[in-house]
Every structure is written in structure tokens, then in C-alpha cells.
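query-v4.csv follows; it contains CSV, C-alpha atoms and all ligand atoms.
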chain,number,residue,atom,x,y,z
A,13,MET,CA,46.7,-5.6,15.8
A,14,ALA,CA,44.9,-2.8,17.6
A,15,GLY,CA,42.4,-4.2,20.1
A,16,LYS,CA,43.6,-7.8,19.7
A,17,ARG,CA,44.4,-9.9,22.7
A,18,PHE,CA,47.1,-12.6,22.8
A,19,GLY,CA,47.7,-15.5,25.1
A,20,VAL,CA,51.4,-14.7,25.2
A,21,ILE,CA,53.4,-11.7,24.1
A,22,VAL,CA,57.1,-12.4,23.6
A,23,VAL,CA,59.4,-9.3,23.6
A,24,GLY,CA,62.4,-9.6,21.4
A,25,ALA,CA,62.8,-11.6,18.2
A,26,GLY,CA,66.4,-12.7,18.8
A,27,GLN,CA,67.5,-16.3,19.3
A,28,SER,CA,65.5,-16.7,22.5
A,29,GLY,CA,62.3,-15.0,21.2
A,30,LEU,CA,62.3,-17.0,18.0
A,31,ALA,CA,63.0,-20.3,19.6
A,32,THR,CA,60.2,-19.6,22.2
A,33,GLY,CA,57.9,-18.6,19.3
A,34,HIS,CA,58.6,-21.9,17.5
A,35,GLN,CA,57.6,-23.9,20.6
A,36,LEU,CA,54.5,-21.8,21.3
A,37,ALA,CA,53.4,-22.4,17.7
A,38,ARG,CA,53.8,-26.1,18.2
A,39,TRP,CA,51.7,-26.0,21.3
A,40,GLY,CA,49.0,-24.0,19.5
A,41,VAL,CA,49.3,-21.0,21.7
A,42,ASP,CA,48.0,-17.7,20.4
A,43,PHE,CA,51.1,-15.4,20.6
A,44,VAL,CA,52.9,-12.5,19.1
A,45,ILE,CA,56.6,-11.6,19.1
A,46,LEU,CA,57.3,-7.8,19.4
A,47,ASP,CA,60.7,-6.4,18.5
A,48,GLY,CA,61.9,-2.8,18.5
A,49,ALA,CA,64.2,-3.3,15.5
A,50,GLU,CA,63.1,-2.9,11.8
A,51,ARG,CA,64.4,-6.4,10.8
A,52,VAL,CA,64.8,-9.8,12.5
A,53,GLY,CA,68.5,-10.4,13.2
A,54,GLU,CA,69.3,-6.7,13.6
A,55,SER,CA,71.2,-7.1,16.8
A,56,TRP,CA,73.7,-9.3,14.9
A,57,ARG,CA,73.7,-7.1,11.7
A,58,ARG,CA,74.7,-4.1,13.8
A,59,ARG,CA,77.8,-5.7,15.2
A,60,TRP,CA,81.2,-5.0,13.7
A,61,ASP,CA,81.9,-6.0,10.2
A,62,SER,CA,84.6,-8.7,10.7
A,63,LEU,CA,82.7,-10.6,13.4
A,64,ARG,CA,82.4,-14.3,13.0
A,65,LEU,CA,80.7,-16.6,15.5
A,66,PHE,CA,83.0,-18.4,17.9
A,67,THR,CA,80.6,-21.4,17.8
A,68,PRO,CA,80.6,-23.5,14.6
A,69,ALA,CA,77.4,-24.0,12.6
A,70,ARG,CA,76.5,-27.3,14.3
A,71,TYR,CA,75.7,-25.3,17.4
A,72,ASP,CA,74.2,-22.2,15.8
A,73,GLY,CA,70.8,-23.6,14.6
A,74,LEU,CA,67.5,-23.1,16.5
A,75,PRO,CA,65.0,-25.8,17.1
A,76,GLY,CA,63.6,-27.4,14.0
A,77,MET,CA,66.1,-25.8,11.5
A,78,ALA,CA,69.8,-26.5,11.3
A,79,PHE,CA,72.1,-23.7,10.4
A,80,PRO,CA,72.6,-24.0,6.6
A,81,ALA,CA,76.4,-24.6,6.5
A,82,SER,CA,79.0,-27.3,7.1
A,83,PRO,CA,78.8,-28.2,10.8
A,84,THR,CA,82.4,-27.0,11.3
A,85,TYR,CA,82.0,-23.7,9.5
A,86,PHE,CA,82.1,-20.4,11.6
A,87,PRO,CA,79.4,-18.2,10.3
A,88,THR,CA,79.7,-14.4,9.9
A,89,LYS,CA,77.4,-12.1,11.9
A,90,ASP,CA,75.5,-11.3,8.7
A,91,GLU,CA,75.0,-15.0,7.9
A,92,MET,CA,73.6,-15.4,11.4
A,93,ALA,CA,71.3,-12.4,10.9
A,94,ALA,CA,70.1,-13.9,7.6
A,95,TYR,CA,69.5,-17.3,9.2
A,96,LEU,CA,67.3,-15.7,12.0
A,97,GLU,CA,65.3,-13.8,9.4
A,98,GLU,CA,64.8,-17.0,7.4
A,99,TYR,CA,63.9,-18.9,10.5
A,100,ALA,CA,61.0,-16.5,11.3
A,101,ARG,CA,59.9,-16.6,7.7
A,102,HIS,CA,60.1,-20.4,7.4
A,103,PHE,CA,57.9,-21.0,10.5
A,104,ALA,CA,55.7,-18.0,9.7
A,105,LEU,CA,56.3,-16.7,13.2
A,106,PRO,CA,54.1,-13.7,14.0
A,107,VAL,CA,56.8,-11.1,14.5
A,108,ARG,CA,55.8,-7.4,14.7
A,109,LEU,CA,58.8,-5.2,14.1
A,110,GLY,CA,59.5,-1.6,14.9
A,111,ALA,CA,57.6,-1.7,18.1
A,112,GLU,CA,59.9,-0.1,20.7
A,113,VAL,CA,58.4,1.8,23.6
A,114,THR,CA,60.4,4.2,25.8
A,115,ARG,CA,58.8,5.0,29.1
A,116,LEU,CA,59.3,8.4,30.8
A,117,CYS,CA,58.3,9.7,34.2
A,118,ALA,CA,57.2,6.3,35.2
A,119,ALA,CA,58.7,6.0,38.7
A,120,PRO,CA,56.0,7.1,41.1
A,121,ASP,CA,57.0,7.7,44.7
A,122,GLY,CA,53.5,8.3,46.0
A,123,ARG,CA,53.8,12.1,45.8
A,124,ASN,CA,55.0,12.9,42.3
A,125,VAL,CA,52.0,12.2,40.0
A,126,ASN,CA,52.6,14.2,36.8
A,127,LEU,CA,55.1,16.5,38.4
A,128,GLY,CA,56.7,18.3,35.4
A,129,CYS,CA,55.4,15.7,32.9
A,130,GLY,CA,52.1,14.2,31.7
A,131,SER,CA,49.4,15.8,29.6
A,132,THR,CA,49.6,19.2,31.4
A,133,ALA,CA,53.4,19.4,30.8
A,134,PRO,CA,53.9,17.4,27.5
A,135,GLU,CA,57.1,19.3,26.6
A,136,ALA,CA,59.1,16.6,28.5
A,137,VAL,CA,57.8,13.9,26.2
A,138,ALA,CA,58.1,16.1,23.1
A,139,ALA,CA,61.8,16.7,23.8
A,140,ALA,CA,62.3,12.9,24.4
A,141,VAL,CA,60.6,12.1,21.0
A,142,VAL,CA,63.2,14.3,19.2
A,143,ALA,CA,66.1,12.9,21.2
A,144,ALA,CA,65.0,9.3,20.6
A,145,GLY,CA,64.1,9.8,16.9
A,146,ALA,CA,60.7,8.4,17.7
A,147,HIS,CA,57.6,8.6,15.5
A,148,LEU,CA,55.4,10.1,18.2
A,149,GLY,CA,55.1,10.6,21.9
A,150,ALA,CA,52.1,10.4,24.1
A,151,ALA,CA,51.6,12.1,27.5
A,152,PHE,CA,48.8,11.1,29.9
A,153,ASP,CA,47.2,12.6,33.0
A,154,GLY,CA,47.1,10.9,36.4
A,155,ASP,CA,44.2,8.5,35.5
A,156,ALA,CA,45.3,8.3,31.9
A,157,ASP,CA,42.0,9.3,30.4
A,158,ARG,CA,43.6,12.2,28.6
A,159,CYS,CA,46.2,11.9,25.9
A,160,ILE,CA,48.3,14.7,24.4
A,161,LEU,CA,50.6,13.8,21.5
A,162,ALA,CA,54.0,15.1,20.4
A,163,ASP,CA,54.8,14.7,16.7
A,164,GLU,CA,58.2,13.5,15.4
A,165,ARG,CA,59.5,17.1,15.3
A,166,GLY,CA,58.7,17.6,18.9
A,167,GLU,CA,55.6,19.7,18.4
A,168,VAL,CA,52.9,19.2,21.0
A,169,ARG,CA,49.6,18.2,19.4
A,170,ASP,CA,46.5,18.5,21.7
A,171,GLY,CA,43.1,16.8,21.6
A,172,ASP,CA,41.9,19.0,18.7
A,173,ALA,CA,44.7,17.6,16.6
A,174,ILE,CA,43.8,14.0,17.6
A,175,LEU,CA,40.1,14.7,16.7
A,176,TYR,CA,41.2,16.0,13.3
A,177,LEU,CA,43.5,13.1,12.7
A,178,TRP,CA,40.9,10.5,13.8
A,179,ALA,CA,37.9,12.1,12.0
A,180,THR,CA,39.7,12.4,8.7
A,181,ARG,CA,41.0,8.9,8.9
A,182,LEU,CA,37.5,7.5,9.7
A,183,LEU,CA,36.0,9.5,6.9
A,184,ALA,CA,38.5,8.1,4.4
A,185,GLU,CA,37.5,4.6,5.6
A,186,ARG,CA,33.8,5.6,5.2
A,187,ARG,CA,33.4,4.9,8.9
A,188,LEU,CA,32.5,8.4,10.0
A,189,VAL,CA,28.7,8.2,9.9
A,190,PRO,CA,27.3,10.8,10.1
A,191,PRO,CA,30.3,12.9,9.0
A,192,ALA,CA,30.4,14.9,12.2
A,193,ILE,CA,32.2,15.0,15.5
A,194,VAL,CA,31.4,16.6,18.9
A,195,ALA,CA,33.8,19.1,20.5
A,196,THR,CA,33.5,21.6,23.3
A,197,SER,CA,33.5,25.4,23.3
A,198,MET,CA,37.2,25.2,24.1
A,199,SER,CA,38.2,23.6,20.9
A,200,ASN,CA,40.1,25.8,18.4
A,201,LEU,CA,38.2,27.4,15.5
A,202,GLY,CA,40.9,25.9,13.3
A,203,LEU,CA,39.6,22.4,14.0
A,204,GLU,CA,36.1,23.4,12.7
A,205,LEU,CA,37.5,25.1,9.6
A,206,ALA,CA,39.9,22.2,8.8
A,207,LEU,CA,37.2,19.6,9.2
A,208,ALA,CA,34.7,21.7,7.2
A,209,ARG,CA,37.0,21.5,4.3
A,210,GLN,CA,36.7,17.7,4.4
A,211,GLY,CA,32.9,17.9,4.7
A,212,ILE,CA,32.9,17.1,8.4
A,213,SER,CA,30.8,19.2,10.8
A,214,VAL,CA,31.5,20.0,14.4
A,215,VAL,CA,28.7,19.9,17.0
A,216,ARG,CA,29.8,22.1,20.0
A,217,CYS,CA,28.8,21.4,23.6
A,218,GLY,CA,29.8,22.7,27.0
A,219,VAL,CA,33.1,21.8,28.7
A,220,GLY,CA,33.6,18.3,30.3
A,221,ASP,CA,33.9,14.8,28.9
A,222,ARG,CA,30.5,13.9,30.4
A,223,LEU,CA,28.8,16.6,28.3
A,224,VAL,CA,30.8,15.4,25.2
A,225,VAL,CA,29.5,11.8,25.6
A,226,GLU,CA,25.9,13.0,26.3
A,227,THR,CA,25.9,15.1,23.2
A,228,MET,CA,27.5,12.2,21.1
A,229,ARG,CA,24.7,9.9,22.2
A,230,ARG,CA,22.0,12.4,21.7
A,231,GLU,CA,23.2,13.3,18.2
A,232,GLY,CA,24.2,9.8,17.2
A,233,ILE,CA,27.9,10.8,16.6
A,234,GLY,CA,30.6,8.3,17.2
A,235,LEU,CA,33.7,10.5,17.8
A,236,GLY,CA,34.1,13.4,20.1
A,237,GLY,CA,36.4,15.0,22.6
A,238,GLU,CA,38.1,17.9,24.2
A,239,GLN,CA,41.2,20.0,23.4
A,240,SER,CA,42.6,18.9,26.8
A,241,GLY,CA,43.0,15.3,25.4
A,242,HIS,CA,39.8,13.5,26.4
A,243,VAL,CA,38.9,11.7,23.2
A,244,VAL,CA,36.0,9.3,22.9
A,245,ARG,CA,35.3,6.8,20.2
A,246,LEU,CA,32.0,5.2,21.2
A,247,GLU,CA,32.6,2.1,19.1
A,248,LEU,CA,35.6,1.3,21.3
A,249,ALA,CA,34.9,2.8,24.8
A,250,ALA,CA,32.2,4.8,26.6
A,251,THR,CA,34.6,7.3,28.1
A,252,GLY,CA,37.9,8.9,27.2
A,253,ASP,CA,40.8,6.4,27.5
A,254,GLY,CA,44.3,8.0,26.9
A,255,LEU,CA,46.1,4.7,26.4
A,256,LEU,CA,43.5,3.6,23.9
A,257,THR,CA,43.8,6.9,22.1
A,258,ALA,CA,47.6,6.7,22.0
A,259,VAL,CA,47.5,3.2,20.6
A,260,GLN,CA,44.9,4.1,17.9
A,261,MET,CA,47.0,7.2,16.9
A,262,ALA,CA,50.2,5.1,16.7
A,263,ALA,CA,48.4,2.5,14.5
A,264,LEU,CA,47.0,5.3,12.4
A,265,VAL,CA,50.5,6.9,11.8
A,266,HIS,CA,52.0,3.4,11.2
A,267,GLN,CA,49.3,2.5,8.6
A,268,ALA,CA,49.6,5.8,6.9
A,269,GLY,CA,53.4,5.4,6.6
A,270,ARG,CA,53.8,9.2,6.9
A,271,PRO,CA,55.0,11.4,9.7
A,272,LEU,CA,52.5,12.7,12.2
A,273,SER,CA,53.3,16.3,11.3
A,274,GLU,CA,52.5,15.6,7.7
A,275,LEU,CA,49.2,14.0,8.5
A,276,LEU,CA,48.3,17.1,10.5
A,277,ALA,CA,49.4,19.6,7.8
A,278,GLY,CA,45.7,20.4,7.0
A,279,PHE,CA,45.0,21.5,10.5
A,280,LYS,CA,46.1,25.0,11.5
A,281,VAL,CA,45.6,26.3,15.0
A,282,TRP,CA,43.9,29.8,15.0
A,283,ILE,CA,44.9,32.4,17.6
A,284,HIS,CA,41.7,33.2,19.6
A,285,ARG,CA,41.1,36.5,21.2
A,286,MET,CA,39.0,36.2,24.4
A,287,LYS,CA,37.6,39.0,26.5
A,288,VAL,CA,38.0,38.3,30.2
A,289,LYS,CA,35.6,40.2,32.4
B,301,LIG,C1,80.1,-9.9,20.1
B,301,LIG,C2,79.3,-11.1,20.4
B,301,LIG,C3,79.6,-12.4,19.8
B,301,LIG,C4,78.8,-13.5,20.1
B,301,LIG,N1,79.1,-14.7,19.6
B,301,LIG,C5,78.4,-15.8,19.8
B,301,LIG,C6,78.7,-17.0,19.2
B,301,LIG,O1,79.6,-17.2,18.5
B,301,LIG,N2,77.9,-18.1,19.6
B,301,LIG,C7,76.8,-17.9,20.4
B,301,LIG,O2,76.1,-18.9,20.7
B,301,LIG,N3,76.5,-16.8,21.0
B,301,LIG,C8,77.3,-15.7,20.7
B,301,LIG,N4,77.0,-14.5,21.3
B,301,LIG,C9,75.9,-14.4,22.3
B,301,LIG,C10,74.5,-14.3,21.5
B,301,LIG,O3,74.5,-13.2,20.7
B,301,LIG,C11,73.4,-14.2,22.5
B,301,LIG,O4,73.5,-15.2,23.5
B,301,LIG,C12,72.1,-14.2,21.9
B,301,LIG,O5,72.0,-13.3,20.8
B,301,LIG,C13,71.0,-14.0,22.9
B,301,LIG,O6,69.8,-14.0,22.2
B,301,LIG,P1,68.5,-13.2,22.8
B,301,LIG,O7,67.4,-13.6,21.9
B,301,LIG,O8,68.4,-13.5,24.2
B,301,LIG,O9,68.9,-11.7,22.6
B,301,LIG,P2,69.2,-10.8,21.3
B,301,LIG,O10,69.7,-11.7,20.2
B,301,LIG,O11,70.0,-9.7,21.8
B,301,LIG,O12,67.8,-10.4,20.9
B,301,LIG,C14,67.0,-9.5,21.7
B,301,LIG,C15,66.0,-8.8,20.8
B,301,LIG,O13,65.1,-8.0,21.6
B,301,LIG,C16,64.9,-6.8,20.9
B,301,LIG,N5,64.7,-5.8,22.0
B,301,LIG,C17,65.5,-5.5,23.0
B,301,LIG,N6,64.9,-4.6,23.9
B,301,LIG,C18,63.7,-4.4,23.3
B,301,LIG,C19,62.6,-3.5,23.7
B,301,LIG,N7,62.6,-2.7,24.8
B,301,LIG,N8,61.5,-3.5,23.0
B,301,LIG,C20,61.4,-4.3,21.9
B,301,LIG,N9,62.4,-5.1,21.5
B,301,LIG,C21,63.5,-5.2,22.2
B,301,LIG,C22,66.2,-6.5,20.2
B,301,LIG,O14,65.9,-5.7,19.0
B,301,LIG,C23,66.6,-7.9,19.7
B,301,LIG,O15,66.1,-8.3,18.5
B,301,LIG,C24,77.7,-13.3,21.0
B,301,LIG,C25,77.4,-12.1,21.6
B,301,LIG,C26,78.2,-11.0,21.3
B,301,LIG,C27,77.8,-9.7,21.9
Reformat the file's structure so that it appears as C-alpha cells.
Amino acid sequence: MAGKRFGVIVVGAGQSGLATGHQLARWGVDFVILDGAERVGESWRRRWDSLRLFTPARYDGLPGMAFPASPTYFPTKDEMAAYLEEYARHFALPVRLGAEVTRLCAAPDGRNVNLGCGSTAPEAVAAAVVAAGAHLGAAFDGDADRCILADERGEVRDGDAILYLWATRLLAERRLVPPAIVATSMSNLGLELALARQGISVVRCGVGDRLVVETMRREGIGLGGEQSGHVVRLELAATGDGLLTAVQMAALVHQAGRPLSELLAGFKVWIHRMKVK
């Protein structure tokens, strides 16, 4: 779904969302229904075991499909959940599940941009990832061109980790041509070593996303970025875009079906010693 645009996005695949979807499909509207749950009908399934609807089956159906029971029957909550799931399947409604987003530090007052949060203080997001049992977290800077991730264990993963993840994925899909990325002098040696093991070389340049892009264009390399979280994939955008990076990484983790920490197991950060004059 990454990069696709829809005429309408419906949030929630409960009775309202499914009935709306049924109508949108009849009108020929290009739409998608997003739901945070893992299955359609989950809000019913999660209710207490003995629950039956107080409305009989004749009133429980959605447009186009009657509830499959005698009109005077009072369905159980699991029968209702099964009916909703079948409704979505029967009409082939485009429901995307497991897509819940929790927003943090998103109440600007005109003075508090990234105060104690964002890509320079990603620990707030990392803690929330663990508390929410989320798959990953993303922290952005003020103009959201930088993205820093937190894995499902609450470990902060910087732009080097994103470059590793993205480069190895593109290589596996035979889309990293040539097998090289651009990184600045600030990127960890561990990135270079981990990518070298996969046959991917790292072309270093000076600090700054402008220099990264210049080097990418000069060398004909499609992926580059900085440890600070600017990551550029020229096929998608000409500059770093933190939101785009976060969506791409979420899609990558989802498609891999494995935790982010596991996908990054091959990348070890090396401790650098620097002499400061
Ligand atoms: C105990 C109980 C008994 C009831 N019995 C009856 C009855 O007998 N007959 C009757 O007609 N009505 C009954 N109702 C009312 C009925 O459940 C609701 O009217 C109906 O479910 C509302 O449908 P909905 O689609 O608006 O919301 P829901 O069915 O709650 O669906 C909302 C969906 O949105 C998803 N969602 C929510 N937030 C997000 C988010 N941030 N991101 C992504 N997805 C999200 C949820 O996972 C859920 O699937 C009962 C309600 C309760 C609580």
C-alpha cells in the first residue's frame, strides 16, 4: 500500500466502517478501510463471554446481507463478530488490519517544538513503544525530514540502522543497483562492516544531507543518508523525508513478518574513539 493514494480512507472496520465501505464500493469510489485490530469483528469478540445482542437478528444485518439466523434470534457476540468478518469477505471490502497509530508529543503550543521528544530525544517514543506493545516507533525533527526509529524492545535505532535495513532489503529484492549506498563521515564503522558482509559498499561524503544527495547523484547511487536520520531514496524523493522513511520502514517490518530487532541483528554499532583537539 506504500505510496498509494485513495479517494477515501475509512478508519475502523466495525459496523459503520463496513457499511460505509459497501456503499463506497457501489459508487465505484477508490477507498480503503484501516483498522487497528488484527481481525474484523474484534471489538465484539473482545466483549464478555456471555454477551448476546439485545437486538434480534432481523435488525443486526448490514446493507446487502441479512444476518444469517431466524429474524427473532438474539445472536451471541461471537456470531456477530463472525458475521462482520464474513460481510467484509463476501463484498471483498479492502480492509487493512493491524494499522493502529499512537501519536505522542503532538500538541504544539507555538513554543514547544520537540521539547523532550523527537529525533534528538527519541527515548520518549522508545518507552511508549514498549508500553504500547508496538512493533516500532518513529521520532521526527521539527520539519520531519529526519527519522529515528525505536525497535519493539525500546532500543533506539538511528539513521545508520535505517540505511542497513533498507539497503539489505533492496539488495534482496535486486533493487540496489549498484550495490552501494552513500553515508557521511559520521556514520558508524559498524554500518560499513555489516554492509560489506552483504556485498554492499559505502561511499563516504562530508556531513549534511545536501552533500549526501550530491554524492548520490554523482555516483549514480539510489540510497544514502546520515546517522542523524536524514535518509534519501532517490526513487521516491529528492531529499530526506522522515514520514516517508517511517512508512517505508513500517512496511518493510510488516512484509518481513519479523521484529525490527531481529532484522537488525546483523548490524552491530562499533564504539569509536575520536581525538578532540
Ligand atoms: C456491551 C454492548 C452491547 C451492545 N449490543 C448491541 C446490540 O444488541 N445491538 C446493537 O445494534 N448495538 C449494540 N451495541 C452497540 C454497537 O456495538 C455499536 O453501535 C456498534 O458496534 C458501532 O459500530 P462502529 O463501527 O461505529 O464502532 P465499532 O464496532 O466499535 O468499530 C470501531 C472499529 O474501529 C477500530 N478503531 C478504533 N480506533 C481506531 C484507531 N485509532 N485506529 C484504527 N482503528 C481503530 C476498532 O478496532 C473497531 O474495529 C452494543 C454495544 C456494547 C458496548
Next on the checklist: Can you tell me which residues surround Val168 (chain A) at a distance of at most 8 Å, considering all atoms listed in the file, apart from same-chain residues fewer than 6 positions away, and format the answer as a ChimeraX atom specification?
Outcome noted: /A:134-135,138,160-162
Next on the checklist: Could you list, as an MDAnalysis selection string, all residues that come within 7 Å of ligand LIG 301 (chain B)? Count only C-alpha atoms and all ligand atoms.
Outcome noted: chainID A and resid 23:29 46:49 52:55 59 64:67 72 111:113
Next on the checklist: Under the rule that only C-alpha atoms are counted, which of A:Leu207, A:Cys159, A:Leu235, A:Met77 is the nearest residue to Val189 (chain A)?
Outcome noted: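 Selected residue with least distance to Val189 (chain A): A:Leu235.
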Next on the checklist: One number please: CA of Ile233 (chain A) to CA of Val215 (chain A), in Å, one decimal.
Outcome noted: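 CA of Val215 (chain A) lies at a distance of 9.1 Å from CA of Ile233 (chain A).
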Item to check | Pick from A:Glu238, A:Lys89, A:Val107, A:Pro80, whichever lies nearest to Leu223 (chain A) using all atoms listed in the file | outcome: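 Ranked by minimum distance to Leu223 (chain A), first place goes to A:Glu238.
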Checklist entry - Of the candidates A:Ala100, A:Val194, A:Ala143, A:Leu246, which shows the shortest atom-to-atom distance to Leu175 (chain A), using all atoms listed in the file? => result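 Closest to Leu175 (chain A) of all the choices is A:Val194.
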Checklist entry - Suppose you want the space between CA of Glu91 (chain A) and CA of Gln35 (chain A); what is it in Å? => result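 A separation of 23.3 Å between them.
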Next on the checklist: as a list in words, please: the residues near Trp56 (chain A) (cut-off 8 Å, only C-alpha atoms, same-chain neighbours under 5 positions excluded).
Outcome noted: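 Result of the neighbour search: Lys89, Asp90, Met92 and Ala93 of chain A.
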Next on the checklist: Applying 9 Å and all atoms listed in the file, which residues near Thr257 (chain A) remain after dropping the ones on its own chain fewer than 6 positions away? List them as a list in words.
Outcome noted: Asp157, Arg158, Cys159, Ile174, His242, Val243, Val244 and Arg245 of chain A
Keeping only C-alpha atoms, take the residues you just selected and write them out as a PDB file, in the frame of the given file.
ATOM      1  CA  ASP A 157      42.000   9.300  30.400  1.00  0.00           C
ATOM      2  CA  ARG A 158      43.600  12.200  28.600  1.00  0.00           C
ATOM      3  CA  CYS A 159      46.200  11.900  25.900  1.00  0.00           C
ATOM      4  CA  ILE A 174      43.800  14.000  17.600  1.00  0.00           C
ATOM      5  CA  HIS A 242      39.800  13.500  26.400  1.00  0.00           C
ATOM      6  CA  VAL A 243      38.900  11.700  23.200  1.00  0.00           C
ATOM      7  CA  VAL A 244      36.000   9.300  22.900  1.00  0.00           C
ATOM      8  CA  ARG A 245      35.300   6.800  20.200  1.00  0.00           C
TER       9      ARG A 245
END
Checklist entry - Distance CA of Ala81 (chain A)-CA of Ile45 (chain A), one decimal place? => result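 Separation between CA of Ala81 (chain A) and CA of Ile45 (chain A): 26.8 Å.
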Item to check | Residue nearest Tyr95 (chain A) - candidates A:Leu30, A:Leu201, A:Leu116, A:Ala139, atoms counted: all atoms listed in the file | outcome: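 Among A:Leu30, A:Leu201, A:Leu116, A:Ala139, it is A:Leu30 that comes nearest to Tyr95 (chain A).
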Quick one: contact table of region 60-136 of chain A to region 150-156 of chain A, 7 Å max, nearest atom pair and distance in Å to one decimal per residue, counting all atoms listed in the file, chain and number order, as CSV?
residue,atom,partner,partner_atom,distance
A:Val125,CA,A:Gly154,CA,6.2
A:Asn126,CA,A:Gly154,CA,6.4
A:Gly130,CA,A:Ala151,CA,4.7
A:Ser131,CA,A:Phe152,CA,4.7
A:Pro134,CA,A:Ala151,CA,5.8
Item to check | Answer as a PyMOL selection string, residues within 10 Å of (33.3, 18.1, 9.4) using all atoms listed in the file | outcome: chain A and resi 176+179-180+183+188+190-194+203-215
